[in-house]
>>> print(open('entry.cif').read())   # mmCIF, C-alpha atoms (C1' of nucleotides)
data_run
#
loop_
_atom_site.label_atom_id
_atom_site.label_comp_id
_atom_site.auth_asym_id
_atom_site.auth_seq_id
_atom_site.Cartn_x
_atom_site.Cartn_y
_atom_site.Cartn_z
CA MET A 1 -26.12 20.26 18.78
CA PRO A 2 -23.57 17.52 18.16
CA HIS A 3 -26.45 15.03 18.27
CA GLN A 4 -28.13 16.84 15.38
CA LEU A 5 -25.15 16.01 13.21
CA LEU A 6 -25.43 12.33 14.07
CA LYS A 7 -29.14 12.35 13.33
CA ALA A 8 -28.57 13.90 9.93
CA HIS A 9 -25.87 11.32 9.27
CA ILE A 10 -28.19 8.42 10.09
CA LYS A 11 -31.04 9.80 7.99
CA LYS A 12 -28.78 9.81 4.98
CA HIS A 13 -28.38 6.03 5.23
CA VAL A 14 -31.59 4.54 6.57
CA ASP A 15 -35.17 5.38 7.27
CA PHE A 16 -35.62 6.18 11.00
CA SER A 17 -38.61 7.89 12.59
CA GLU A 18 -37.86 11.01 14.63
CA GLU A 19 -38.73 9.00 17.70
CA ASP A 20 -36.28 6.19 16.84
CA LEU A 21 -33.59 8.74 16.09
CA GLU A 22 -34.13 10.33 19.47
CA THR A 23 -34.06 7.04 21.36
CA TYR A 24 -31.00 5.91 19.48
CA CYS A 25 -28.93 9.07 19.73
CA ASN A 26 -29.62 9.50 23.43
CA HIS A 27 -27.21 6.65 24.07
CA TYR A 28 -24.35 8.69 22.70
CA GLU A 29 -22.38 10.83 25.10
CA VAL A 30 -20.47 13.97 24.10
CA THR A 31 -16.75 13.73 24.84
CA GLN A 32 -14.09 16.40 24.50
CA VAL A 33 -10.67 15.15 23.45
CA PRO A 34 -7.75 17.58 23.75
CA LYS A 35 -5.09 17.74 21.05
CA LYS A 36 -2.60 14.85 21.20
CA ALA A 37 -4.76 12.85 23.63
CA PHE A 38 -5.41 9.19 22.85
CA LEU A 39 -8.94 7.84 22.55
CA LEU A 40 -7.44 4.36 22.29
CA GLU A 41 -3.99 2.85 22.59
CA GLN A 42 -2.78 -0.28 20.82
CA GLY A 43 -2.99 -3.20 23.27
CA ASN A 44 -5.94 -1.89 25.26
CA ILE A 45 -9.51 -2.97 24.74
CA CYS A 46 -11.65 -0.58 22.73
CA ARG A 47 -14.64 0.25 24.94
CA PHE A 48 -16.39 2.66 22.57
CA GLU A 49 -17.61 3.36 19.11
CA GLY A 50 -17.26 7.05 18.28
CA TYR A 51 -18.75 9.54 15.84
CA VAL A 52 -16.62 12.64 15.34
CA THR A 53 -18.41 15.99 15.54
CA LYS A 54 -15.39 18.31 15.68
CA GLY A 55 -11.65 18.17 15.12
CA CYS A 56 -9.50 15.44 13.62
CA PHE A 57 -8.13 12.04 14.55
CA ARG A 58 -5.55 9.69 13.17
CA ILE A 59 -6.19 5.94 13.37
CA PHE A 60 -2.87 4.13 13.12
CA THR A 61 -0.67 1.20 14.12
CA ILE A 62 3.00 0.95 14.96
CA ASP A 63 4.74 -2.08 13.47
CA GLU A 64 7.74 -4.05 14.80
CA GLU A 65 10.26 -1.64 13.30
CA GLY A 66 8.53 1.29 15.00
CA ASN A 67 7.01 2.70 11.81
CA GLU A 68 3.65 4.40 12.09
CA ASN A 69 1.04 3.36 9.54
CA VAL A 70 -2.06 5.50 9.32
CA LEU A 71 -5.16 3.51 8.43
CA TYR A 72 -7.27 6.64 8.03
CA PHE A 73 -8.02 10.11 9.32
CA ALA A 74 -11.40 10.89 10.88
CA VAL A 75 -12.91 14.37 10.81
CA LYS A 76 -16.45 15.65 11.35
CA ASP A 77 -19.03 13.05 10.28
CA TRP A 78 -16.62 10.08 10.37
CA TRP A 79 -16.65 7.09 12.71
CA VAL A 80 -13.75 6.08 14.93
CA THR A 81 -13.22 2.73 16.58
CA ASP A 82 -11.18 -0.43 16.37
CA ILE A 83 -14.01 -2.60 15.02
CA ASP A 84 -12.32 -5.86 15.85
CA SER A 85 -11.43 -4.84 19.38
CA PHE A 86 -14.83 -3.26 20.02
CA THR A 87 -16.97 -6.10 18.73
CA ASN A 88 -14.94 -8.88 20.33
CA GLN A 89 -13.55 -6.95 23.30
CA THR A 90 -10.08 -8.14 22.43
CA SER A 91 -6.80 -6.26 22.60
CA ALA A 92 -6.67 -3.45 20.01
CA HIS A 93 -4.28 -3.39 17.04
CA LEU A 94 -5.04 0.27 16.47
CA SER A 95 -4.34 3.53 18.26
CA ILE A 96 -6.56 6.60 17.93
CA GLN A 97 -5.16 10.05 18.66
CA ALA A 98 -6.60 13.55 18.37
CA LEU A 99 -4.60 15.81 16.05
CA GLU A 100 -6.41 18.89 17.36
CA ASN A 101 -8.95 19.65 20.10
CA SER A 102 -11.84 17.45 19.13
CA GLU A 103 -15.31 16.32 20.05
CA VAL A 104 -16.78 12.83 19.72
CA LEU A 105 -20.08 11.16 20.44
CA VAL A 106 -19.37 7.80 22.05
CA ILE A 107 -21.41 4.73 22.85
CA ASN A 108 -20.27 1.79 24.93
CA LYS A 109 -20.42 -1.88 24.06
CA ALA A 110 -23.35 -2.85 26.32
CA ASP A 111 -25.57 -0.04 25.02
CA LYS A 112 -24.64 -0.83 21.46
CA GLU A 113 -25.53 -4.49 21.87
CA LYS A 114 -28.79 -3.55 23.54
CA LEU A 115 -29.68 -1.25 20.64
CA TYR A 116 -28.76 -3.86 18.04
CA HIS A 117 -31.15 -6.15 19.81
CA GLU A 118 -34.00 -3.72 20.39
CA MET A 119 -33.82 -1.84 17.10
CA PRO A 120 -33.26 -4.03 14.07
CA LYS A 121 -32.85 -0.92 11.95
CA VAL A 122 -29.58 -0.27 13.73
CA GLU A 123 -28.27 -3.52 12.31
CA LYS A 124 -29.23 -2.29 8.89
CA LEU A 125 -27.59 1.08 9.44
CA PHE A 126 -24.28 -0.45 10.40
CA ARG A 127 -24.49 -3.17 7.79
CA ILE A 128 -24.80 -0.46 5.15
CA MET A 129 -22.09 1.76 6.60
CA THR A 130 -19.66 -1.11 6.98
CA GLN A 131 -20.31 -2.07 3.37
CA LYS A 132 -19.54 1.44 2.20
CA THR A 133 -16.35 1.52 4.20
CA LEU A 134 -15.40 -1.86 2.77
CA VAL A 135 -15.93 -0.68 -0.81
CA SER A 136 -13.76 2.38 -0.31
CA LEU A 137 -11.04 0.26 1.31
CA GLN A 138 -11.16 -2.15 -1.62
CA ARG A 139 -10.66 0.75 -3.99
CA ARG A 140 -7.82 2.10 -1.92
CA LEU A 141 -6.08 -1.26 -1.98
CA ILE A 142 -6.32 -1.38 -5.78
CA ARG A 143 -5.06 2.21 -6.01
CA ASN A 144 -2.06 1.30 -3.89
CA HIS A 145 -1.19 -1.39 -6.41
CA SER A 146 -1.82 0.48 -9.61
CA PHE A 147 -0.79 4.05 -8.71
CA SER A 148 2.71 5.38 -8.12
CA ALA A 149 3.53 7.24 -4.91
CA GLU A 150 3.15 10.52 -6.75
CA GLU A 151 -0.26 9.58 -8.15
CA ARG A 152 -1.46 8.46 -4.74
CA TYR A 153 -0.39 11.77 -3.27
CA HIS A 154 -2.27 13.74 -5.90
CA HIS A 155 -5.31 11.54 -5.49
CA PHE A 156 -5.35 12.08 -1.75
CA MET A 157 -4.95 15.85 -2.01
CA ALA A 158 -7.68 16.07 -4.62
CA THR A 159 -10.09 13.78 -2.77
CA TYR A 160 -9.67 15.12 0.77
CA PRO A 161 -8.48 18.73 0.52
CA GLU A 162 -10.15 19.76 3.82
CA ILE A 163 -8.51 16.89 5.68
CA ALA A 164 -5.15 17.42 4.03
CA GLN A 165 -4.99 21.00 5.19
CA LYS A 166 -5.11 19.83 8.82
CA LEU A 167 -2.20 17.43 8.38
CA THR A 168 1.59 17.59 8.34
CA ASN A 169 3.53 15.94 5.52
CA LEU A 170 4.62 13.32 7.98
CA GLN A 171 1.05 12.28 8.61
CA ILE A 172 0.14 12.22 4.94
CA ALA A 173 3.23 10.14 4.29
CA ALA A 174 2.25 7.63 6.98
CA TYR A 175 -1.17 7.33 5.32
CA LEU A 176 0.16 6.85 1.79
CA GLY A 177 2.96 4.54 2.83
CA ILE A 178 5.75 6.77 1.57
CA THR A 179 8.42 9.00 3.18
CA PRO A 180 7.94 12.67 4.04
CA GLU A 181 11.12 13.46 2.07
CA PHE A 182 9.53 12.08 -1.04
CA ILE A 183 6.42 14.19 -0.52
CA SER A 184 8.69 17.19 -0.35
CA LYS A 185 10.14 16.24 -3.72
CA ILE A 186 6.71 15.83 -5.25
CA ARG A 187 5.74 19.31 -4.00
CA ARG A 188 8.85 20.84 -5.50
CA LYS A 189 8.02 19.25 -8.81
CA ILE A 190 4.51 20.71 -8.73
CA ALA A 191 5.84 24.16 -7.82
CA SER A 192 8.39 24.13 -10.64
CA GLN A 193 5.69 23.27 -13.17
CA LYS A 194 3.82 26.52 -12.55
CA MET B 1 -25.44 -30.88 -0.21
CA PRO B 2 -24.06 -27.48 -1.20
CA HIS B 3 -26.78 -25.90 0.95
CA GLN B 4 -25.47 -27.79 3.99
CA LEU B 5 -22.20 -25.95 3.63
CA LEU B 6 -23.97 -22.61 3.62
CA LYS B 7 -26.01 -23.56 6.67
CA ALA B 8 -22.90 -24.52 8.58
CA HIS B 9 -21.31 -21.24 7.53
CA ILE B 10 -24.23 -19.20 8.82
CA LYS B 11 -24.40 -21.07 12.12
CA LYS B 12 -20.80 -20.13 12.79
CA HIS B 13 -21.72 -16.44 12.77
CA VAL B 14 -25.25 -16.04 14.13
CA ASP B 15 -27.94 -17.89 15.95
CA PHE B 16 -30.54 -19.16 13.44
CA SER B 17 -33.21 -21.79 14.11
CA GLU B 18 -33.22 -24.80 11.76
CA GLU B 19 -36.44 -23.42 10.34
CA ASP B 20 -34.94 -20.00 9.64
CA LEU B 21 -31.90 -21.63 8.06
CA GLU B 22 -34.13 -23.67 5.81
CA THR B 23 -36.24 -20.67 4.72
CA TYR B 24 -33.20 -18.56 4.16
CA CYS B 25 -31.08 -21.05 2.23
CA ASN B 26 -33.95 -22.05 -0.04
CA HIS B 27 -33.51 -18.74 -1.82
CA TYR B 28 -30.07 -19.76 -3.00
CA GLU B 29 -29.75 -21.52 -6.30
CA VAL B 30 -26.93 -23.89 -7.22
CA THR B 31 -24.96 -22.73 -10.27
CA GLN B 32 -22.17 -24.51 -12.11
CA VAL B 33 -19.46 -22.28 -13.52
CA PRO B 34 -16.98 -23.83 -15.96
CA LYS B 35 -13.29 -22.97 -15.85
CA LYS B 36 -12.48 -19.54 -17.32
CA ALA B 37 -16.17 -18.47 -17.39
CA PHE B 38 -17.07 -15.07 -15.97
CA LEU B 39 -19.64 -14.72 -13.21
CA LEU B 40 -19.39 -10.96 -13.63
CA GLU B 41 -17.64 -8.60 -16.01
CA GLN B 42 -16.46 -5.08 -15.20
CA GLY B 43 -19.05 -2.60 -16.52
CA ASN B 44 -22.07 -4.88 -16.12
CA ILE B 45 -24.46 -4.76 -13.20
CA CYS B 46 -23.92 -7.42 -10.55
CA ARG B 47 -27.24 -9.25 -10.22
CA PHE B 48 -26.17 -11.79 -7.60
CA GLU B 49 -24.46 -12.44 -4.34
CA GLY B 50 -22.68 -15.78 -4.36
CA TYR B 51 -21.37 -18.32 -1.88
CA VAL B 52 -18.72 -20.64 -3.29
CA THR B 53 -19.16 -24.34 -2.61
CA LYS B 54 -16.58 -25.75 -5.02
CA GLY B 55 -13.67 -24.53 -7.14
CA CYS B 56 -11.93 -21.20 -7.19
CA PHE B 57 -12.53 -17.65 -8.41
CA ARG B 58 -10.46 -14.56 -8.90
CA ILE B 59 -12.06 -11.19 -8.18
CA PHE B 60 -10.12 -8.50 -10.02
CA THR B 61 -10.07 -5.22 -11.91
CA ILE B 62 -8.21 -4.07 -14.98
CA ASP B 63 -6.81 -0.53 -14.73
CA GLU B 64 -6.21 2.03 -17.50
CA GLU B 65 -2.81 0.55 -18.38
CA GLY B 66 -4.35 -2.88 -18.77
CA ASN B 67 -2.83 -4.32 -15.59
CA GLU B 68 -4.88 -6.87 -13.70
CA ASN B 69 -5.21 -6.33 -9.97
CA VAL B 70 -6.62 -9.20 -7.96
CA LEU B 71 -8.68 -8.07 -4.99
CA TYR B 72 -8.99 -11.59 -3.63
CA PHE B 73 -9.44 -15.24 -4.45
CA ALA B 74 -12.59 -17.07 -3.40
CA VAL B 75 -12.63 -20.79 -2.72
CA LYS B 76 -15.10 -23.02 -0.86
CA ASP B 77 -16.84 -21.15 1.98
CA TRP B 78 -16.06 -17.65 0.61
CA TRP B 79 -18.48 -15.05 -0.73
CA VAL B 80 -18.26 -13.54 -4.20
CA THR B 81 -19.94 -10.37 -5.37
CA ASP B 82 -19.25 -6.76 -6.26
CA ILE B 83 -20.86 -5.33 -3.12
CA ASP B 84 -21.16 -1.83 -4.50
CA SER B 85 -22.66 -2.93 -7.79
CA PHE B 86 -24.98 -5.45 -6.13
CA THR B 87 -26.35 -3.17 -3.42
CA ASN B 88 -26.79 -0.13 -5.65
CA GLN B 89 -27.33 -1.91 -8.97
CA THR B 90 -24.69 0.26 -10.55
CA SER B 91 -22.04 -0.66 -13.09
CA ALA B 92 -19.44 -3.02 -11.61
CA HIS B 93 -15.78 -2.13 -11.08
CA LEU B 94 -14.92 -5.78 -10.56
CA SER B 95 -14.77 -8.89 -12.70
CA ILE B 96 -15.23 -12.39 -11.32
CA GLN B 97 -13.84 -15.39 -13.17
CA ALA B 98 -13.67 -19.10 -12.39
CA LEU B 99 -10.12 -20.46 -12.32
CA GLU B 100 -11.42 -24.03 -12.40
CA ASN B 101 -14.80 -25.74 -12.75
CA SER B 102 -16.72 -24.32 -9.85
CA GLU B 103 -20.03 -24.29 -8.04
CA VAL B 104 -21.73 -21.32 -6.41
CA LEU B 105 -24.95 -20.71 -4.51
CA VAL B 106 -26.44 -17.47 -5.77
CA ILE B 107 -29.22 -15.19 -4.62
CA ASN B 108 -30.66 -12.28 -6.60
CA LYS B 109 -31.16 -8.71 -5.47
CA ALA B 110 -34.96 -8.84 -5.01
CA ASP B 111 -34.85 -11.98 -2.88
CA LYS B 112 -32.01 -10.60 -0.83
CA GLU B 113 -33.88 -7.38 -0.11
CA LYS B 114 -36.99 -9.35 0.77
CA LEU B 115 -35.01 -11.49 3.22
CA TYR B 116 -33.34 -8.46 4.79
CA HIS B 117 -36.80 -7.11 5.36
CA GLU B 118 -38.48 -10.27 6.61
CA MET B 119 -35.61 -11.66 8.66
CA PRO B 120 -33.77 -9.08 10.74
CA LYS B 121 -31.21 -11.71 11.66
CA VAL B 122 -29.99 -11.66 8.08
CA GLU B 123 -29.03 -8.03 8.58
CA LYS B 124 -27.04 -9.09 11.61
CA LEU B 125 -25.37 -11.93 9.72
CA PHE B 126 -24.18 -9.69 6.95
CA ARG B 127 -23.26 -6.86 9.30
CA ILE B 128 -20.98 -9.24 11.12
CA MET B 129 -19.52 -10.79 8.01
CA THR B 130 -18.87 -7.43 6.40
CA GLN B 131 -17.14 -6.29 9.58
CA LYS B 132 -14.87 -9.32 9.52
CA THR B 133 -14.01 -8.75 5.90
CA LEU B 134 -13.30 -5.11 6.67
CA VAL B 135 -10.94 -5.98 9.50
CA SER B 136 -8.97 -8.38 7.33
CA LEU B 137 -8.77 -5.79 4.55
CA GLN B 138 -7.51 -3.19 7.03
CA ARG B 139 -4.78 -5.59 8.10
CA ARG B 140 -3.88 -6.34 4.51
CA LEU B 141 -3.54 -2.64 3.77
CA ILE B 142 -1.18 -2.19 6.70
CA ARG B 143 0.81 -5.24 5.64
CA ASN B 144 1.20 -3.82 2.16
CA HIS B 145 2.77 -0.73 3.70
CA SER B 146 5.01 -2.34 6.24
CA PHE B 147 6.07 -5.56 4.50
CA SER B 148 8.43 -5.96 1.56
CA ALA B 149 7.34 -7.84 -1.57
CA GLU B 150 9.18 -10.90 -0.35
CA GLU B 151 7.59 -10.78 3.08
CA ARG B 152 4.13 -10.39 1.54
CA TYR B 153 4.76 -13.41 -0.64
CA HIS B 154 5.78 -15.54 2.32
CA HIS B 155 2.84 -14.31 4.34
CA PHE B 156 0.41 -15.22 1.57
CA MET B 157 1.89 -18.67 1.05
CA ALA B 158 1.85 -19.39 4.77
CA THR B 159 -1.69 -18.05 5.32
CA TYR B 160 -3.43 -19.59 2.30
CA PRO B 161 -1.45 -22.67 1.26
CA GLU B 162 -4.57 -24.45 -0.12
CA ILE B 163 -5.48 -21.47 -2.26
CA ALA B 164 -1.91 -20.88 -3.40
CA GLN B 165 -1.62 -24.38 -4.76
CA LYS B 166 -4.47 -23.67 -7.19
CA LEU B 167 -2.83 -20.53 -8.57
CA THR B 168 -0.19 -19.63 -11.11
CA ASN B 169 2.62 -17.22 -10.23
CA LEU B 170 0.96 -14.68 -12.44
CA GLN B 171 -2.18 -14.72 -10.33
CA ILE B 172 -0.33 -14.56 -7.03
CA ALA B 173 1.67 -11.64 -8.41
CA ALA B 174 -1.51 -9.78 -9.40
CA TYR B 175 -2.81 -10.28 -5.86
CA LEU B 176 0.36 -9.11 -4.13
CA GLY B 177 0.95 -6.20 -6.49
CA ILE B 178 4.32 -7.45 -7.72
CA THR B 179 5.65 -8.97 -10.95
CA PRO B 180 5.73 -12.70 -11.72
CA GLU B 181 9.45 -12.37 -12.52
CA PHE B 182 10.10 -11.20 -9.01
CA ILE B 183 8.20 -14.14 -7.55
CA SER B 184 10.43 -16.37 -9.59
CA LYS B 185 13.46 -14.75 -8.01
CA ILE B 186 12.05 -15.17 -4.52
CA ARG B 187 11.48 -18.86 -5.20
CA ARG B 188 15.01 -19.33 -6.41
CA LYS B 189 16.26 -17.72 -3.24
CA ILE B 190 14.22 -20.12 -1.10
CA ALA B 191 15.42 -23.12 -3.11
CA SER B 192 19.07 -22.11 -2.76
CA GLN B 193 18.71 -21.80 1.00
CA LYS B 194 17.89 -25.46 1.39
"C1'" DC C 1 3.36 -32.30 -33.26
"C1'" DG C 2 3.30 -27.41 -32.69
"C1'" DC C 3 1.42 -23.54 -30.58
"C1'" DG C 4 0.62 -20.58 -26.77
"C1'" DA C 5 0.82 -19.71 -21.98
"C1'" DC C 6 3.75 -19.96 -18.08
"C1'" DG C 7 8.22 -19.95 -15.48
"C1'" DT C 8 13.11 -18.72 -15.31
"C1'" DT C 9 17.11 -16.00 -15.76
"C1'" DG C 10 20.19 -12.08 -16.46
"C1'" DA C 11 21.11 -7.19 -17.70
"C1'" DT C 12 19.57 -2.82 -17.10
"C1'" DT C 13 16.79 0.83 -15.27
"C1'" DT C 14 14.09 3.43 -12.05
"C1'" DG C 15 11.16 4.91 -8.29
"C1'" DC C 16 11.55 5.59 -3.92
"C1'" DC C 17 14.22 5.15 0.46
"C1'" DT C 18 18.05 6.27 3.57
"C1'" DC C 19 20.96 9.31 5.66
"C1'" DA C 20 22.67 13.63 6.77
"C1'" DA C 21 22.70 18.52 6.87
"C1'" DC C 22 20.40 22.66 7.08
"C1'" DG C 23 16.38 26.40 7.21
"C1'" DA C 24 11.80 27.41 8.88
"C1'" DT C 25 8.24 27.23 11.97
"C1'" DT C 26 6.06 26.21 16.19
"C1'" DG C 27 5.76 25.78 20.95
"C1'" DT C 28 7.38 26.64 25.64
"C1'" DG C 29 9.49 28.07 29.94
"C1'" DG C 30 12.06 31.72 32.05
"C1'" DC D 1 8.09 38.67 25.17
"C1'" DC D 2 12.06 36.74 23.92
"C1'" DA D 3 15.29 32.61 23.66
"C1'" DC D 4 15.80 28.22 22.91
"C1'" DA D 5 14.38 23.61 21.93
"C1'" DA D 6 11.79 20.67 19.37
"C1'" DT D 7 9.53 19.49 15.45
"C1'" DC D 8 8.80 19.86 10.66
"C1'" DG D 9 10.01 20.77 5.77
"C1'" DT D 10 13.63 20.94 2.17
"C1'" DT D 11 17.52 19.48 -0.41
"C1'" DG D 12 21.11 16.54 -2.21
"C1'" DA D 13 24.04 12.33 -2.60
"C1'" DG D 14 23.98 7.66 -2.71
"C1'" DG D 15 21.87 3.09 -2.45
"C1'" DC D 16 18.64 -0.60 -2.96
"C1'" DA D 17 14.36 -3.18 -3.92
"C1'" DA D 18 11.68 -4.22 -7.41
"C1'" DA D 19 10.25 -3.19 -12.28
"C1'" DT D 20 11.21 -3.61 -17.07
"C1'" DC D 21 12.82 -5.80 -21.07
"C1'" DA D 22 14.31 -9.57 -23.63
"C1'" DA D 23 15.62 -14.26 -24.40
"C1'" DC D 24 15.02 -18.91 -23.64
"C1'" DG D 25 13.25 -23.48 -21.60
"C1'" DT D 26 9.13 -26.06 -20.46
"C1'" DC D 27 4.85 -27.81 -20.07
"C1'" DG D 28 -0.06 -28.74 -21.23
"C1'" DC D 29 -3.35 -28.85 -24.76
"C1'" DG D 30 -5.89 -28.73 -29.27
#
>>> encode(input="entry.cif", output="C-alpha cells")
Amino acid sequence: MPHQLLKAHIKKHVDFSEEDLETYCNHYEVTQVPKKAFLLEQGNICRFEGYVTKGCFRIFTIDEEGNENVLYFAVKDWWVTDIDSFTNQTSAHLSIQALENSEVLVINKADKEKLYHEMPKVEKLFRIMTQKTLVSLQRRLIRNHSFSAEERYHHFMATYPEIAQKLTNLQIAAYLGITPEFISKIRRKIASQK
Amino acid sequence: MPHQLLKAHIKKHVDFSEEDLETYCNHYEVTQVPKKAFLLEQGNICRFEGYVTKGCFRIFTIDEEGNENVLYFAVKDWWVTDIDSFTNQTSAHLSIQALENSEVLVINKADKEKLYHEMPKVEKLFRIMTQKTLVSLQRRLIRNHSFSAEERYHHFMATYPEIAQKLTNLQIAAYLGITPEFISKIRRKIASQK
DNA sequence: CGCGACGTTGATTTGCCTCAACGATTGTGG
DNA sequence: CCACAATCGTTGAGGCAAATCAACGTCGCG
C-alpha cells in the first residue's frame, strides 16, 4: 500500500513502465517511526533517502546559539533526507524528527547508486524533482526578503493549511524565522479583525 | 577557448569521455552580452540555459513594491537561467542582467532536451549540479534566519571577495536583503575598529 | 562642465525580539 | 482517574536592530 503512493508520485514526474516502477520501488523498505524519534541526527551520516507515506517530520538544524531553524516540514508525499550528507556520505548538518507516529519508505545509498546506474530514468526523475525543490526554495528566499513576518505567516497558513494544523506555534515560528510570541500577536490581530 | 572552460567544469562533476565532451559542448553557442543588457526579462519565456565564461550577471526579481531582490550573482564558471521558465517554457519570474561586458555559452531548449535524451550522463550532470545548488541555497536560507544583517554582510564578503569587488553597495544590499544605508554603517564600523 | 547615480551620515521611526509572568492544555506516574 | 509537571500559548513592558527619510558629498560619464 505505501508503495502505491510512491508509484503514483513517480508517475506524476516521469514516464516509467509498470515493470520499471515495480523494480524501482522494490528497493524501498517500509519503516515505522514513532513520534519524537529521530530519523537522522546532526553530525551523523545520513544513510537513507526517505519518502514519507504517513505522519509528519521536521527537518531542522541547531545553530551555535542553540536556536532551532526548521528547513521544512515533510508530510505524506514529501521526501526526507540530508542531500549533502546522503550523496557524499559526510557528516549531516540536518536533523530529522517525527512530530507524530509516521511511516517512511527508505532506500540506502548502495541501492540508490545501483539504480542510478542501471536505470537512467531515475536520474531524470531526481533531476526534475531536485529542480522543483530548488525553484520553490528560490521563491521562499525571495519571500523572506520582501515579505514581513506577518505576511510570511499568512502565506504559510494559506499555502500549507493541512501541515499547519499538525504544528505548534513554536514549530511554525522556527520555520518562518520569527518568535512564537510574535505569532501569538499576529493571531490576536486576526481575531480582533473579525 | 570559452568551451574549454565548460569542459573543465563538466569534468569536475561527472565522468565524460573526450568525445562526449566534444559532442555535448558543441551545442553551446558563444554570446557576447554588453554591460547593462538583459539576457532575460521577468515575464518573458527563458529560451536558454547559460554558462558564464566572462563578466558578471545579477539574477533578480522586482516585487510589487518595486524592490529589487537579487537571487544570486553569476561570474565565470556559474550557470544562469530561470530554471522554472526554461524547463516548462512558462513566463519567467526572474530577470538576468549583465553588470559588465560579459560572455556566455548558451544552449536552447530543444537541443537541451535532445541531449538529455541521447546522453543519459547529461541527466546525471545536471542532477548533481542542481543538488549542489540546492544544498547551498538551503544553507543560505538558514544563515538568513540565524545571522544578523552585519554577520551576513561579513559572510558574503569573506566567501565571495572576487564577486564583491565587482558590485556596488546597492547590489550587495539587494542580495542580502538589507538597505545600502545600513551597509554604509557597517563599513564605517569596520573602518573605526582599525 | 553638469548631471545623475552612488555612498555617507544623522535623526527618527518601527517591526520584531527579549524577558517575565501567567493561564491553558497535554501528558504522565502514582 | 486524578494530581502534578511539563510544555505551550498569551499578554504586556521595554529594548534594539535595522528601516526610513532627508540632506549632502563625491565620483564617473556624456
>>> atom_distance(input="entry.cif", atom1="atom CA of Gln89 of chain A", atom2="atom CA of Lys109 of chain A")
8.6 Å
>>> resolve_selection(input="entry.cif", expression="the PyMOL selection byres ((chain C and resi 23-27) around 12)", output="VMD selection string")
(chain C and resid 21 to 22 28 to 29) or (chain D and resid 4 to 11)
>>> atom_distance(input="entry.cif", atom1="atom CA of Ser85 of chain B", atom2="atom CA of Thr23 of chain B")
25.6 Å
>>> resolve_selection(input="entry.cif", expression="the PyMOL selection byres ((chain A) within 7 of (chain B))", output="list in words")
Asn69, Asp84, Pro120, Glu123, Lys124, Phe126, Arg127, Thr130, Gln131, Leu134, Val135, Leu141, Ile142, His145 and Gly177 of chain A
>>> write_last_selection(input="entry.cif", atoms="C-alpha atoms", output="short mmCIF file (atom, residue, chain, number, x, y, z; two decimals), keeping the file's coordinate frame")
data_model
loop_
_atom_site.label_atom_id
_atom_site.label_comp_id
_atom_site.auth_asym_id
_atom_site.auth_seq_id
_atom_site.Cartn_x
_atom_site.Cartn_y
_atom_site.Cartn_z
CA ASN A 69 1.04 3.36 9.54
CA ASP A 84 -12.32 -5.86 15.85
CA PRO A 120 -33.26 -4.03 14.07
CA GLU A 123 -28.27 -3.52 12.31
CA LYS A 124 -29.23 -2.29 8.89
CA PHE A 126 -24.28 -0.45 10.40
CA ARG A 127 -24.49 -3.17 7.79
CA THR A 130 -19.66 -1.11 6.98
CA GLN A 131 -20.31 -2.07 3.37
CA LEU A 134 -15.40 -1.86 2.77
CA VAL A 135 -15.93 -0.68 -0.81
CA LEU A 141 -6.08 -1.26 -1.98
CA ILE A 142 -6.32 -1.38 -5.78
CA HIS A 145 -1.19 -1.39 -6.41
CA GLY A 177 2.96 4.54 2.83
#
>>> resolve_selection(input="entry.cif", expression="the PyMOL selection byres ((chain C) within 9 of (chain B))", output="list of chain:residue names")
C:DC6, C:DG7, C:DT8, C:DT9
>>> write_last_selection(input="entry.cif", atoms="C-alpha atoms (C1' of nucleotides)", output="PDB file, in the coordinates of the input")
ATOM      1  C1'  DC C   6       3.750 -19.960 -18.080  1.00  0.00           C
ATOM      2  C1'  DG C   7       8.220 -19.950 -15.480  1.00  0.00           C
ATOM      3  C1'  DT C   8      13.110 -18.720 -15.310  1.00  0.00           C
ATOM      4  C1'  DT C   9      17.110 -16.000 -15.760  1.00  0.00           C
TER       5       DT C   9
END
>>> residues_near_point(input="entry.cif", point="(-9.0, 10.2, 10.3)", cutoff="10 Å", atoms="all atoms listed in the file", output="ChimeraX atom specification")
/A:52,55-60,70-76,78-80,96-99,163,175
>>> write_last_selection(input="entry.cif", atoms="C-alpha atoms", output="PDB file, keeping the file's coordinate frame")
ATOM      1  CA  VAL A  52     -16.620  12.640  15.340  1.00  0.00           C
ATOM      2  CA  GLY A  55     -11.650  18.170  15.120  1.00  0.00           C
ATOM      3  CA  CYS A  56      -9.500  15.440  13.620  1.00  0.00           C
ATOM      4  CA  PHE A  57      -8.130  12.040  14.550  1.00  0.00           C
ATOM      5  CA  ARG A  58      -5.550   9.690  13.170  1.00  0.00           C
ATOM      6  CA  ILE A  59      -6.190   5.940  13.370  1.00  0.00           C
ATOM      7  CA  PHE A  60      -2.870   4.130  13.120  1.00  0.00           C
ATOM      8  CA  VAL A  70      -2.060   5.500   9.320  1.00  0.00           C
ATOM      9  CA  LEU A  71      -5.160   3.510   8.430  1.00  0.00           C
ATOM     10  CA  TYR A  72      -7.270   6.640   8.030  1.00  0.00           C
ATOM     11  CA  PHE A  73      -8.020  10.110   9.320  1.00  0.00           C
ATOM     12  CA  ALA A  74     -11.400  10.890  10.880  1.00  0.00           C
ATOM     13  CA  VAL A  75     -12.910  14.370  10.810  1.00  0.00           C
ATOM     14  CA  LYS A  76     -16.450  15.650  11.350  1.00  0.00           C
ATOM     15  CA  TRP A  78     -16.620  10.080  10.370  1.00  0.00           C
ATOM     16  CA  TRP A  79     -16.650   7.090  12.710  1.00  0.00           C
ATOM     17  CA  VAL A  80     -13.750   6.080  14.930  1.00  0.00           C
ATOM     18  CA  ILE A  96      -6.560   6.600  17.930  1.00  0.00           C
ATOM     19  CA  GLN A  97      -5.160  10.050  18.660  1.00  0.00           C
ATOM     20  CA  ALA A  98      -6.600  13.550  18.370  1.00  0.00           C
ATOM     21  CA  LEU A  99      -4.600  15.810  16.050  1.00  0.00           C
ATOM     22  CA  ILE A 163      -8.510  16.890   5.680  1.00  0.00           C
ATOM     23  CA  TYR A 175      -1.170   7.330   5.320  1.00  0.00           C
TER      24      TYR A 175
END
>>> closest_atom_pairs(input="entry.cif", of="chain B", to="chain D", cutoff="10 Å", atoms="all atoms listed in the file", output="JSON lines")
{"residue": "B:Ser148", "atom": "CA", "partner": "D:DA17", "partner_atom": "C1'", "distance": 8.5}
{"residue": "B:Ala149", "atom": "CA", "partner": "D:DA18", "partner_atom": "C1'", "distance": 8.1}
{"residue": "B:Glu150", "atom": "CA", "partner": "D:DA17", "partner_atom": "C1'", "distance": 10.0}
{"residue": "B:Ile178", "atom": "CA", "partner": "D:DA18", "partner_atom": "C1'", "distance": 8.0}
{"residue": "B:Thr179", "atom": "CA", "partner": "D:DA19", "partner_atom": "C1'", "distance": 7.5}
{"residue": "B:Glu181", "atom": "CA", "partner": "D:DA19", "partner_atom": "C1'", "distance": 9.2}
{"residue": "B:Phe182", "atom": "CA", "partner": "D:DA18", "partner_atom": "C1'", "distance": 7.3}
